[in-house]
$ cat model-v8.csv   # CSV, C-alpha atoms and all ligand atoms
chain,number,residue,atom,x,y,z
A,1,MET,CA,63.5,-25.8,-28.1
A,2,THR,CA,60.9,-24.5,-30.4
A,3,SER,CA,60.9,-25.1,-34.1
A,4,THR,CA,59.8,-21.7,-35.1
A,5,ALA,CA,61.3,-18.4,-33.9
A,6,PRO,CA,58.9,-16.5,-31.7
A,7,SER,CA,57.2,-13.8,-33.7
A,8,ARG,CA,55.7,-10.7,-32.1
A,9,SER,CA,53.0,-12.1,-29.8
A,10,PRO,CA,49.6,-12.1,-31.5
A,11,VAL,CA,48.1,-12.0,-28.1
A,12,SER,CA,49.1,-10.9,-24.6
A,13,PHE,CA,46.8,-11.0,-21.7
A,14,PRO,CA,47.0,-11.5,-17.9
A,15,PHE,CA,46.7,-14.9,-16.2
A,16,LEU,CA,43.9,-13.4,-14.1
A,17,ASP,CA,42.1,-10.2,-15.2
A,18,LEU,CA,40.6,-8.8,-12.0
A,19,ARG,CA,40.0,-5.5,-13.7
A,20,ALA,CA,37.6,-7.0,-16.2
A,21,GLN,CA,35.4,-8.2,-13.3
A,22,TYR,CA,35.6,-5.0,-11.4
A,23,VAL,CA,34.6,-2.9,-14.4
A,24,SER,CA,31.4,-5.1,-14.8
A,25,ILE,CA,30.2,-4.3,-11.3
A,26,ARG,CA,31.9,-1.0,-10.6
A,27,GLY,CA,28.7,1.0,-9.8
A,28,GLU,CA,27.5,-1.6,-7.3
A,29,ILE,CA,30.9,-1.8,-5.6
A,30,LEU,CA,31.2,2.0,-5.2
A,31,ASP,CA,27.7,2.3,-3.8
A,32,ALA,CA,28.5,-0.4,-1.2
A,33,VAL,CA,31.8,1.2,-0.2
A,34,THR,CA,30.1,4.6,0.0
A,35,GLU,CA,27.5,3.2,2.3
A,36,VAL,CA,30.1,1.9,4.7
A,37,LEU,CA,32.1,5.1,4.7
A,38,ASP,CA,28.9,7.1,5.3
A,39,GLY,CA,28.1,4.8,8.3
A,40,GLN,CA,31.6,4.9,9.7
A,41,GLN,CA,31.2,1.4,11.2
A,42,PHE,CA,34.4,-0.4,10.2
A,43,ILE,CA,34.8,-3.2,12.7
A,44,LEU,CA,32.2,-6.0,12.5
A,45,GLY,CA,28.7,-4.5,12.6
A,46,PRO,CA,25.7,-4.8,10.1
A,47,GLN,CA,27.7,-5.4,6.9
A,48,VAL,CA,29.7,-8.3,8.4
A,49,GLU,CA,26.6,-9.8,10.0
A,50,ALA,CA,24.6,-9.6,6.8
A,51,PHE,CA,27.5,-11.2,4.8
A,52,GLU,CA,27.8,-14.0,7.4
A,53,LYS,CA,24.1,-14.7,7.1
A,54,GLU,CA,24.4,-14.8,3.3
A,55,ILE,CA,27.4,-17.2,3.4
A,56,SER,CA,25.3,-19.4,5.8
A,57,LEU,CA,22.5,-19.5,3.2
A,58,PHE,CA,25.1,-20.1,0.4
A,59,THR,CA,26.8,-23.0,2.2
A,60,GLY,CA,23.9,-24.4,4.2
A,61,CYS,CA,25.9,-24.0,7.4
A,62,ILE,CA,24.0,-22.4,10.3
A,63,HIS,CA,27.0,-20.4,11.5
A,64,SER,CA,29.4,-18.3,9.6
A,65,ILE,CA,32.2,-16.3,11.3
A,66,GLY,CA,34.1,-13.7,9.3
A,67,CYS,CA,37.8,-13.2,10.0
A,68,ALA,CA,40.8,-11.5,8.6
A,69,SER,CA,42.0,-14.1,6.1
A,70,GLY,CA,41.8,-17.7,5.0
A,71,SER,CA,44.9,-18.5,6.9
A,72,ASP,CA,43.3,-17.1,10.1
A,73,ALA,CA,40.2,-19.1,9.4
A,74,LEU,CA,42.3,-22.2,9.6
A,75,ILE,CA,44.1,-21.1,12.7
A,76,LEU,CA,40.8,-20.1,14.4
A,77,ALA,CA,39.3,-23.5,13.5
A,78,LEU,CA,42.2,-25.3,15.0
A,79,LEU,CA,42.2,-23.0,18.1
A,80,ALA,CA,38.5,-23.7,18.6
A,81,LEU,CA,39.2,-27.4,18.8
A,82,GLU,CA,42.1,-26.6,21.2
A,83,VAL,CA,44.6,-28.2,18.9
A,84,GLY,CA,48.1,-27.4,20.1
A,85,ARG,CA,51.5,-28.7,21.2
A,86,GLY,CA,51.9,-32.5,21.1
A,87,ASP,CA,48.9,-32.8,18.7
A,88,GLU,CA,48.9,-34.0,15.1
A,89,VAL,CA,46.8,-32.9,12.2
A,90,ILE,CA,46.6,-34.8,8.9
A,91,THR,CA,46.7,-32.8,5.6
A,92,THR,CA,48.2,-32.9,2.1
A,93,PRO,CA,51.7,-31.7,1.1
A,94,PHE,CA,50.4,-30.5,-2.3
A,95,THR,CA,48.7,-27.3,-1.3
A,96,PHE,CA,49.4,-23.6,-0.5
A,97,VAL,CA,51.6,-23.3,2.6
A,98,ALA,CA,48.8,-21.9,4.7
A,99,SER,CA,47.1,-25.3,5.2
A,100,ALA,CA,50.0,-26.9,7.0
A,101,GLY,CA,51.3,-23.5,8.2
A,102,ALA,CA,48.2,-23.0,10.3
A,103,ILE,CA,48.7,-26.4,11.9
A,104,ALA,CA,52.3,-25.6,12.8
A,105,ARG,CA,51.3,-22.0,13.9
A,106,VAL,CA,49.1,-23.4,16.7
A,107,GLY,CA,52.0,-25.6,17.8
A,108,ALA,CA,50.8,-28.9,16.3
A,109,LYS,CA,52.6,-31.3,13.9
A,110,PRO,CA,51.4,-31.4,10.3
A,111,VAL,CA,51.2,-35.1,9.2
A,112,PHE,CA,51.3,-35.4,5.5
A,113,VAL,CA,49.4,-37.9,3.4
A,114,ASP,CA,50.1,-38.1,-0.3
A,115,ILE,CA,47.6,-37.1,-3.0
A,116,ASP,CA,45.5,-39.0,-5.5
A,117,GLN,CA,47.2,-38.4,-8.8
A,118,HIS,CA,44.0,-37.8,-10.7
A,119,THR,CA,42.3,-35.2,-8.4
A,120,PHE,CA,45.5,-33.6,-6.8
A,121,ASN,CA,43.6,-33.9,-3.5
A,122,ILE,CA,44.6,-35.9,-0.4
A,123,ASP,CA,44.3,-39.7,-1.1
A,124,ALA,CA,41.4,-40.6,1.2
A,125,SER,CA,42.3,-44.3,1.2
A,126,GLU,CA,45.7,-43.4,2.8
A,127,VAL,CA,44.4,-41.2,5.6
A,128,GLU,CA,43.6,-44.0,8.1
A,129,LYS,CA,47.2,-45.3,8.1
A,130,ALA,CA,48.4,-41.8,9.2
A,131,ILE,CA,46.1,-41.7,12.3
A,132,THR,CA,47.7,-42.0,15.7
A,133,PRO,CA,46.5,-41.4,19.3
A,134,ARG,CA,47.7,-37.8,18.8
A,135,THR,CA,45.7,-37.1,15.7
A,136,LYS,CA,43.3,-34.2,16.7
A,137,ALA,CA,42.0,-33.2,13.2
A,138,ILE,CA,42.0,-34.1,9.5
A,139,MET,CA,42.3,-31.2,7.1
A,140,PRO,CA,41.5,-32.0,3.5
A,141,VAL,CA,42.1,-29.2,1.0
A,142,HIS,CA,39.7,-28.9,-1.9
A,143,LEU,CA,42.5,-28.0,-4.3
A,144,PHE,CA,41.9,-25.8,-7.4
A,145,GLY,CA,38.1,-25.9,-6.7
A,146,LEU,CA,37.4,-29.6,-6.6
A,147,ALA,CA,36.1,-31.3,-3.5
A,148,SER,CA,38.2,-33.9,-1.8
A,149,ASP,CA,36.7,-37.4,-1.4
A,150,MET,CA,34.7,-36.4,1.6
A,151,ASN,CA,32.6,-39.6,2.1
A,152,LYS,CA,35.7,-41.6,2.6
A,153,ILE,CA,37.4,-39.0,4.8
A,154,GLN,CA,34.3,-38.5,6.9
A,155,ASP,CA,33.9,-42.3,7.4
A,156,VAL,CA,37.5,-42.7,8.6
A,157,ALA,CA,37.2,-39.5,10.7
A,158,SER,CA,34.0,-40.6,12.5
A,159,ALA,CA,35.2,-44.1,13.0
A,160,HIS,CA,38.1,-42.6,15.0
A,161,ARG,CA,36.0,-39.6,16.4
A,162,ILE,CA,38.3,-37.1,14.8
A,163,PRO,CA,36.9,-33.8,13.6
A,164,VAL,CA,37.4,-32.7,10.0
A,165,ILE,CA,38.3,-29.1,9.0
A,166,GLU,CA,37.8,-28.4,5.4
A,167,ASP,CA,40.3,-26.1,3.8
A,168,ALA,CA,37.8,-24.7,1.2
A,169,ALA,CA,39.9,-21.6,0.5
A,170,GLN,CA,40.0,-22.4,-3.2
A,171,ALA,CA,36.6,-23.9,-3.5
A,172,ILE,CA,33.7,-21.6,-2.6
A,173,GLY,CA,30.7,-22.7,-4.6
A,174,ALA,CA,32.0,-26.2,-5.3
A,175,ARG,CA,29.7,-29.1,-4.5
A,176,TYR,CA,30.2,-32.6,-3.4
A,177,GLN,CA,27.3,-35.0,-3.9
A,178,GLY,CA,24.8,-32.2,-3.6
A,179,ARG,CA,26.4,-30.5,-0.6
A,180,ALA,CA,28.4,-27.3,-0.6
A,181,VAL,CA,32.0,-27.6,0.4
A,182,GLY,CA,32.7,-26.2,3.8
A,183,SER,CA,29.4,-27.7,5.1
A,184,ILE,CA,30.5,-31.3,5.2
A,185,GLY,CA,33.2,-31.4,7.9
A,186,LEU,CA,32.8,-30.0,11.4
A,187,MET,CA,34.2,-26.7,10.1
A,188,GLY,CA,34.8,-25.1,6.7
A,189,CYS,CA,37.4,-22.4,6.1
A,190,PHE,CA,37.2,-19.9,3.2
A,191,SER,CA,39.5,-17.2,1.9
A,192,PHE,CA,38.5,-14.0,0.1
A,193,PHE,CA,42.0,-13.3,-1.1
A,194,PRO,CA,41.6,-11.3,-4.4
A,195,SER,CA,42.5,-14.3,-6.6
A,196,LYS,CA,40.0,-16.7,-5.1
A,197,ASN,CA,36.7,-17.1,-6.8
A,198,LEU,CA,35.0,-14.7,-4.3
A,199,GLY,CA,37.8,-12.2,-3.9
A,200,ALA,CA,37.8,-9.1,-1.7
A,201,ALA,CA,39.7,-5.8,-2.2
A,202,GLY,CA,42.3,-7.1,0.2
A,203,ASP,CA,42.3,-10.0,2.7
A,204,GLY,CA,39.3,-11.7,4.3
A,205,GLY,CA,38.2,-15.1,5.5
A,206,MET,CA,35.3,-17.1,7.0
A,207,VAL,CA,34.8,-20.2,9.1
A,208,THR,CA,31.5,-22.0,8.7
A,209,THR,CA,30.1,-24.6,11.1
A,210,GLY,CA,26.9,-26.3,12.1
A,211,ASP,CA,28.1,-26.6,15.7
A,212,SER,CA,26.8,-23.7,18.0
A,213,ARG,CA,29.3,-24.3,20.7
A,214,LEU,CA,32.2,-24.0,18.2
A,215,ALA,CA,30.6,-21.0,16.6
A,216,ASP,CA,30.4,-19.2,19.9
A,217,LYS,CA,34.1,-20.0,20.5
A,218,LEU,CA,35.1,-18.8,17.1
A,219,ARG,CA,33.3,-15.5,17.7
A,220,LEU,CA,35.2,-15.1,21.0
A,221,LEU,CA,38.6,-16.1,19.5
A,222,ARG,CA,38.5,-13.4,16.8
A,223,VAL,CA,38.0,-10.6,19.4
A,224,HIS,CA,40.8,-11.5,21.8
A,225,GLY,CA,38.7,-14.0,23.7
A,226,ALA,CA,36.6,-11.2,25.2
A,227,ARG,CA,32.8,-11.6,25.4
A,228,THR,CA,32.6,-8.2,27.1
A,229,LYS,CA,35.0,-5.4,26.4
A,230,TYR,CA,38.3,-5.5,28.3
A,231,ASP,CA,37.5,-8.8,30.0
A,232,SER,CA,39.0,-11.7,28.2
A,233,GLU,CA,38.0,-15.2,29.2
A,234,THR,CA,40.3,-17.0,26.9
A,235,LEU,CA,43.4,-16.3,24.7
A,236,GLY,CA,42.2,-15.2,21.3
A,237,MET,CA,43.5,-13.0,18.6
A,238,ASN,CA,42.5,-10.0,16.5
A,239,SER,CA,41.1,-11.4,13.4
A,240,ARG,CA,38.0,-9.8,12.0
A,241,LEU,CA,36.6,-9.3,8.6
A,242,ASP,CA,36.6,-5.6,7.7
A,243,ALA,CA,33.1,-4.1,7.2
A,244,LEU,CA,34.4,-2.6,3.9
A,245,GLN,CA,35.4,-6.0,2.7
A,246,ALA,CA,32.1,-7.5,3.8
A,247,ALA,CA,30.2,-4.8,1.9
A,248,ILE,CA,32.2,-5.5,-1.3
A,249,LEU,CA,31.9,-9.3,-0.9
A,250,ARG,CA,28.1,-9.0,-0.5
A,251,VAL,CA,28.0,-7.4,-3.9
A,252,LYS,CA,30.2,-10.0,-5.5
A,253,LEU,CA,28.5,-13.0,-3.8
A,254,ARG,CA,25.4,-12.1,-5.8
A,255,HIS,CA,27.4,-12.8,-9.0
A,256,LEU,CA,29.3,-15.8,-7.8
A,257,ASN,CA,27.0,-18.5,-9.3
A,258,ASP,CA,27.3,-16.8,-12.7
A,259,TRP,CA,31.0,-16.5,-12.5
A,260,SER,CA,31.3,-20.2,-11.4
A,261,LEU,CA,29.2,-21.2,-14.4
A,262,ALA,CA,31.4,-19.1,-16.7
A,263,ARG,CA,34.5,-20.8,-15.3
A,264,ARG,CA,33.0,-24.2,-15.8
A,265,ASN,CA,32.0,-23.3,-19.4
A,266,ASN,CA,35.6,-22.1,-20.0
A,267,ALA,CA,36.8,-25.5,-18.8
A,268,LEU,CA,34.5,-27.3,-21.2
A,269,GLY,CA,35.7,-24.9,-23.9
A,270,TYR,CA,39.3,-25.9,-23.2
A,271,PHE,CA,38.5,-29.6,-23.2
A,272,GLU,CA,37.0,-29.3,-26.7
A,273,LEU,CA,39.9,-27.3,-27.9
A,274,PHE,CA,42.3,-29.9,-26.5
A,275,ARG,CA,40.6,-32.4,-28.7
A,276,GLU,CA,40.4,-30.1,-31.7
A,277,PHE,CA,44.1,-29.3,-31.6
A,278,ARG,CA,45.0,-32.9,-30.6
A,279,VAL,CA,47.2,-31.8,-27.6
A,280,GLU,CA,46.1,-34.6,-25.3
A,281,THR,CA,49.3,-36.5,-26.2
A,282,MET,CA,51.1,-33.6,-24.5
A,283,ILE,CA,48.8,-32.6,-21.6
A,284,THR,CA,46.3,-34.4,-19.4
A,285,PRO,CA,43.3,-32.3,-18.4
A,286,PRO,CA,41.6,-32.9,-15.1
A,287,ALA,CA,39.2,-35.8,-15.2
A,288,PRO,CA,35.6,-35.1,-14.2
A,289,VAL,CA,34.7,-36.6,-10.8
A,290,PRO,CA,31.1,-38.0,-10.8
A,291,GLY,CA,29.0,-36.2,-8.2
A,292,SER,CA,31.4,-33.2,-7.9
A,293,VAL,CA,30.9,-29.7,-9.2
A,294,HIS,CA,34.4,-28.3,-9.8
A,295,ILE,CA,34.5,-24.5,-9.8
A,296,TYR,CA,37.9,-24.2,-11.4
A,297,ASN,CA,39.7,-21.7,-9.2
A,298,GLN,CA,42.5,-23.1,-11.4
A,299,LEU,CA,42.4,-25.2,-14.5
A,300,THR,CA,45.4,-27.3,-13.9
A,301,VAL,CA,46.7,-29.8,-16.5
A,302,ARG,CA,49.5,-32.3,-16.3
A,303,VAL,CA,52.3,-31.9,-18.8
A,304,LYS,CA,53.8,-35.2,-19.6
A,305,GLU,CA,57.2,-34.0,-20.6
A,306,HIS,CA,59.2,-30.7,-20.9
A,307,ARG,CA,56.8,-28.8,-18.7
A,308,ASN,CA,59.1,-25.9,-18.2
A,309,ALA,CA,60.1,-25.7,-21.9
A,310,LEU,CA,56.4,-25.6,-22.8
A,311,ARG,CA,55.8,-22.9,-20.3
A,312,ASP,CA,58.7,-20.8,-21.8
A,313,HIS,CA,57.3,-21.4,-25.3
A,314,LEU,CA,53.9,-20.1,-24.2
A,315,LYS,CA,55.4,-17.1,-22.5
A,316,GLU,CA,57.2,-16.1,-25.7
A,317,ARG,CA,53.8,-16.1,-27.4
A,318,GLY,CA,52.2,-13.9,-24.8
A,319,ILE,CA,50.3,-16.8,-23.1
A,320,PRO,CA,50.4,-16.6,-19.3
A,321,THR,CA,50.5,-19.7,-17.2
A,322,GLU,CA,51.3,-20.4,-13.6
A,323,ILE,CA,52.7,-23.3,-11.6
A,324,TYR,CA,50.6,-24.3,-8.5
A,325,TYR,CA,52.7,-25.6,-6.8
A,326,PRO,CA,56.3,-25.9,-7.8
A,327,LYS,CA,57.4,-27.4,-4.5
A,328,PRO,CA,55.4,-29.7,-2.2
A,329,LEU,CA,55.3,-28.6,1.4
A,330,HIS,CA,57.4,-31.5,2.8
A,331,LEU,CA,60.4,-30.3,0.7
A,332,GLN,CA,60.1,-26.6,1.8
A,333,ASN,CA,62.5,-25.3,4.3
A,334,VAL,CA,59.7,-24.2,6.6
A,335,PHE,CA,58.9,-27.9,7.3
A,336,ALA,CA,62.5,-29.2,7.2
A,337,TYR,CA,62.2,-30.0,10.9
A,338,LEU,CA,59.7,-32.7,10.1
A,339,GLY,CA,62.6,-34.7,8.5
A,340,HIS,CA,61.0,-35.6,5.2
A,341,ARG,CA,63.1,-36.2,2.1
A,342,LEU,CA,62.6,-36.4,-1.6
A,343,GLY,CA,60.6,-39.6,-2.4
A,344,ASP,CA,58.4,-39.5,0.7
A,345,PHE,CA,55.3,-38.3,-1.2
A,346,PRO,CA,56.0,-39.3,-4.8
A,347,LYS,CA,52.6,-38.3,-6.2
A,348,SER,CA,52.9,-34.8,-4.8
A,349,GLU,CA,56.4,-34.5,-6.1
A,350,ALA,CA,55.4,-35.7,-9.6
A,351,ALA,CA,52.5,-33.2,-9.5
A,352,SER,CA,54.9,-30.3,-8.7
A,353,ARG,CA,57.1,-31.3,-11.7
A,354,GLU,CA,54.2,-31.7,-14.1
A,355,VAL,CA,51.4,-29.3,-13.4
A,356,MET,CA,50.6,-26.1,-15.3
A,357,SER,CA,47.6,-23.9,-14.7
A,358,LEU,CA,46.0,-22.1,-17.7
A,359,PRO,CA,44.0,-18.8,-17.5
A,360,ILE,CA,40.3,-19.7,-16.6
A,361,TYR,CA,38.8,-16.5,-15.2
A,362,PRO,CA,35.1,-15.9,-16.1
A,363,GLU,CA,35.7,-13.0,-18.5
A,364,LEU,CA,38.3,-15.0,-20.5
A,365,THR,CA,37.2,-14.9,-24.2
A,366,GLU,CA,37.0,-17.8,-26.6
A,367,ASP,CA,39.6,-16.2,-28.8
A,368,ARG,CA,42.1,-16.2,-26.0
A,369,GLN,CA,41.3,-19.8,-25.1
A,370,ARG,CA,41.9,-20.7,-28.7
A,371,ALA,CA,45.2,-18.8,-28.6
A,372,VAL,CA,46.3,-20.7,-25.5
A,373,VAL,CA,45.6,-24.1,-27.0
A,374,ALA,CA,46.9,-23.2,-30.5
A,375,ALA,CA,50.2,-22.1,-28.8
A,376,ILE,CA,50.4,-25.4,-26.9
A,377,ALA,CA,49.8,-27.3,-30.2
A,378,ASP,CA,52.7,-25.7,-31.9
A,379,PHE,CA,55.2,-26.6,-29.3
A,380,ASP,CA,57.5,-28.9,-31.1
A,381,GLN,CA,60.2,-30.9,-29.4
A,382,GLU,CA,63.2,-31.5,-31.6
A,401,LIG,C1,44.5,-19.0,-0.3
A,401,LIG,C2,44.6,-20.2,0.5
A,401,LIG,C3,44.7,-20.2,1.9
A,401,LIG,C4,44.9,-18.9,2.7
A,401,LIG,O1,44.1,-17.9,2.5
A,401,LIG,P1,44.5,-16.4,2.7
A,401,LIG,O2,43.2,-15.7,2.7
A,401,LIG,O3,45.5,-16.0,1.6
A,401,LIG,O4,45.2,-16.3,4.0
A,401,LIG,C5,44.7,-21.4,2.6
A,401,LIG,N1,44.6,-22.5,2.0
A,401,LIG,C6,44.6,-22.6,0.6
A,401,LIG,C7,44.5,-24.0,0.0
A,401,LIG,C8,44.6,-21.5,-0.1
A,401,LIG,O5,44.6,-21.6,-1.5

$ encode --input "model-v8.csv" --output "structure tokens"
Amino acid sequence: MTSTAPSRSPVSFPFLDLRAQYVSIRGEILDAVTEVLDGQQFILGPQVEAFEKEISLFTGCIHSIGCASGSDALILALLALEVGRGDEVITTPFTFVASAGAIARVGAKPVFVDIDQHTFNIDASEVEKAITPRTKAIMPVHLFGLASDMNKIQDVASAHRIPVIEDAAQAIGARYQGRAVGSIGLMGCFSFFPSKNLGAAGDGGMVTTGDSRLADKLRLLRVHGARTKYDSETLGMNSRLDALQAAILRVKLRHLNDWSLARRNNALGYFELFREFRVETMITPPAPVPGSVHIYNQLTVRVKEHRNALRDHLKERGIPTEIYYPKPLHLQNVFAYLGHRLGDFPKSEAASREVMSLPIYPELTEDRQRAVVAAIADFDQE
């Protein structure tokens, strides 16, 4: 439904350009990888320990426990709290499947609370109503790189003596009222999936906590519950961060603040371009939240009408976009057994219909940003 026939794309670029980042640090990465290969210590060991210490410094959490993925970080955190069958954990339905998936994977029931329509995060003022005697944890997700409303969540949680597990998989480096995400709840869970702001060359994850007893348990759980070899004291799993990944992540962590700054500058650039091209009648950018430092793992706008047609129009012009997330978790088959139906979480459902994420990676050039917004501006509805 466009007024002009698509011409040959003046631009064409990826939604996320991981190669651009790799090229800028190739030498450092290859040196780090070579060091691990020369040492032949692949499971845990000095690289993992050093990276854990660096994440502790970065987040302000005393303990950091590396594991195999962000999904495993969530599972390990729940296992450390002995959450299981018959228990409930409160989370949001507008997130990646791993958040509620981890809850279900340990045998507990995900209890969904709808989102705040401005932040896309769990509506903290609705959490208390969802608490029952079976509630064993609250799992806010800092979606797209913006912290959830942690003061309200912590207040409700501590009034009911319920621990908070932060799903900070998308939010490493984000801050909430001066504090690093992942250090506010009892435990924080991070992912180093390649598309996250601190991405490995494969999978990786981390749990952070200030609680020494939990940290000890987490270290046990990731090695089959064995404190000494071949003598397990509890049922654990195999979930370690590879030494190779740790070595690569250590290199990248040194650049993370610069990359976060570049993402934030790109976001500001977009906001200016939205005004310049007068597209704010068509799309709503995320509103800044006072006291929060957003690190824009995604720059997600709301498209008031014809989201899918706009997306097709952009695609024809070589502009990449993504939809995070097209279907809220309560409507996905995996959670059909919970018995939810369309209309149960209307704000999450509306978000799934209206959101569109724009390229925001640190290396994104001004020209490309301008091309994105210009292409949005020439989307004409007949
Ligand atoms: C990526 C992600 C996870 C899972 O991390 P993996 O490392 O891919 O297992 C969990 N929660 C959220 C919100 C995520 O975006």

$ residues_around --input "model-v8.csv" --residues "Ser357 of chain A" --least-positions-apart "3" --cutoff "7 Å" --atoms "all atoms listed in the file" --output "count of residues only"
8

$ residues_near_ligand --input "model-v8.csv" --ligand "ligand LIG 401 (chain A)" --cutoff "6 Å" --atoms "all atoms listed in the file" --output "PDB file with C-alpha atoms, in the coordinates of the input"
ATOM      1  CA  SER A  69      42.000 -14.100   6.100  1.00  0.00           C
ATOM      2  CA  GLY A  70      41.800 -17.700   5.000  1.00  0.00           C
ATOM      3  CA  SER A  71      44.900 -18.500   6.900  1.00  0.00           C
ATOM      4  CA  THR A  95      48.700 -27.300  -1.300  1.00  0.00           C
ATOM      5  CA  PHE A  96      49.400 -23.600  -0.500  1.00  0.00           C
ATOM      6  CA  ALA A  98      48.800 -21.900   4.700  1.00  0.00           C
ATOM      7  CA  SER A  99      47.100 -25.300   5.200  1.00  0.00           C
ATOM      8  CA  VAL A 141      42.100 -29.200   1.000  1.00  0.00           C
ATOM      9  CA  ASP A 167      40.300 -26.100   3.800  1.00  0.00           C
ATOM     10  CA  ALA A 169      39.900 -21.600   0.500  1.00  0.00           C
ATOM     11  CA  GLN A 170      40.000 -22.400  -3.200  1.00  0.00           C
ATOM     12  CA  SER A 191      39.500 -17.200   1.900  1.00  0.00           C
ATOM     13  CA  PHE A 192      38.500 -14.000   0.100  1.00  0.00           C
ATOM     14  CA  PHE A 193      42.000 -13.300  -1.100  1.00  0.00           C
ATOM     15  CA  ASP A 203      42.300 -10.000   2.700  1.00  0.00           C
ATOM     16  CA  GLY A 204      39.300 -11.700   4.300  1.00  0.00           C
ATOM     17  CA  GLY A 205      38.200 -15.100   5.500  1.00  0.00           C
TER      18      GLY A 205
END

$ residues_near_point --input "model-v8.csv" --point "(33.7, -27.0, -10.8)" --cutoff "7 Å" --atoms "all atoms listed in the file" --output "MDAnalysis selection string"
chainID A and resid 145:146 174 264 293:296

$ residues_around --input "model-v8.csv" --residues "segment 184-188 of chain A" --least-positions-apart "5" --cutoff "9 Å" --atoms "all atoms listed in the file" --output "compact mmCIF listing (two decimals) with C-alpha atoms, in the frame of the given file"
# COMPACT_ATOMS: atom_id res chain seq x y z
CA CYS A 61 25.90 -24.00 7.40
CA ALA A 73 40.20 -19.10 9.40
CA LEU A 74 42.30 -22.20 9.60
CA ALA A 77 39.30 -23.50 13.50
CA MET A 150 34.70 -36.40 1.60
CA GLN A 154 34.30 -38.50 6.90
CA PRO A 163 36.90 -33.80 13.60
CA VAL A 164 37.40 -32.70 10.00
CA ILE A 165 38.30 -29.10 9.00
CA GLU A 166 37.80 -28.40 5.40
CA ASP A 167 40.30 -26.10 3.80
CA ALA A 168 37.80 -24.70 1.20
CA ALA A 169 39.90 -21.60 0.50
CA TYR A 176 30.20 -32.60 -3.40
CA ARG A 179 26.40 -30.50 -0.60
CA MET A 206 35.30 -17.10 7.00
CA VAL A 207 34.80 -20.20 9.10
CA THR A 208 31.50 -22.00 8.70
CA THR A 209 30.10 -24.60 11.10
CA GLY A 210 26.90 -26.30 12.10
CA ASP A 211 28.10 -26.60 15.70
CA LEU A 214 32.20 -24.00 18.20

$ residues_around --input "model-v8.csv" --residues "Arg85 of chain A" --least-positions-apart "4" --cutoff "12 Å" --atoms "all atoms listed in the file" --output "list in words"
Leu78, Leu79, Val89, Ile103, Ala104, Arg105, Val106, Gly107, Ala108, Lys109, Pro110, Arg134, Thr135 and Lys136 of chain A
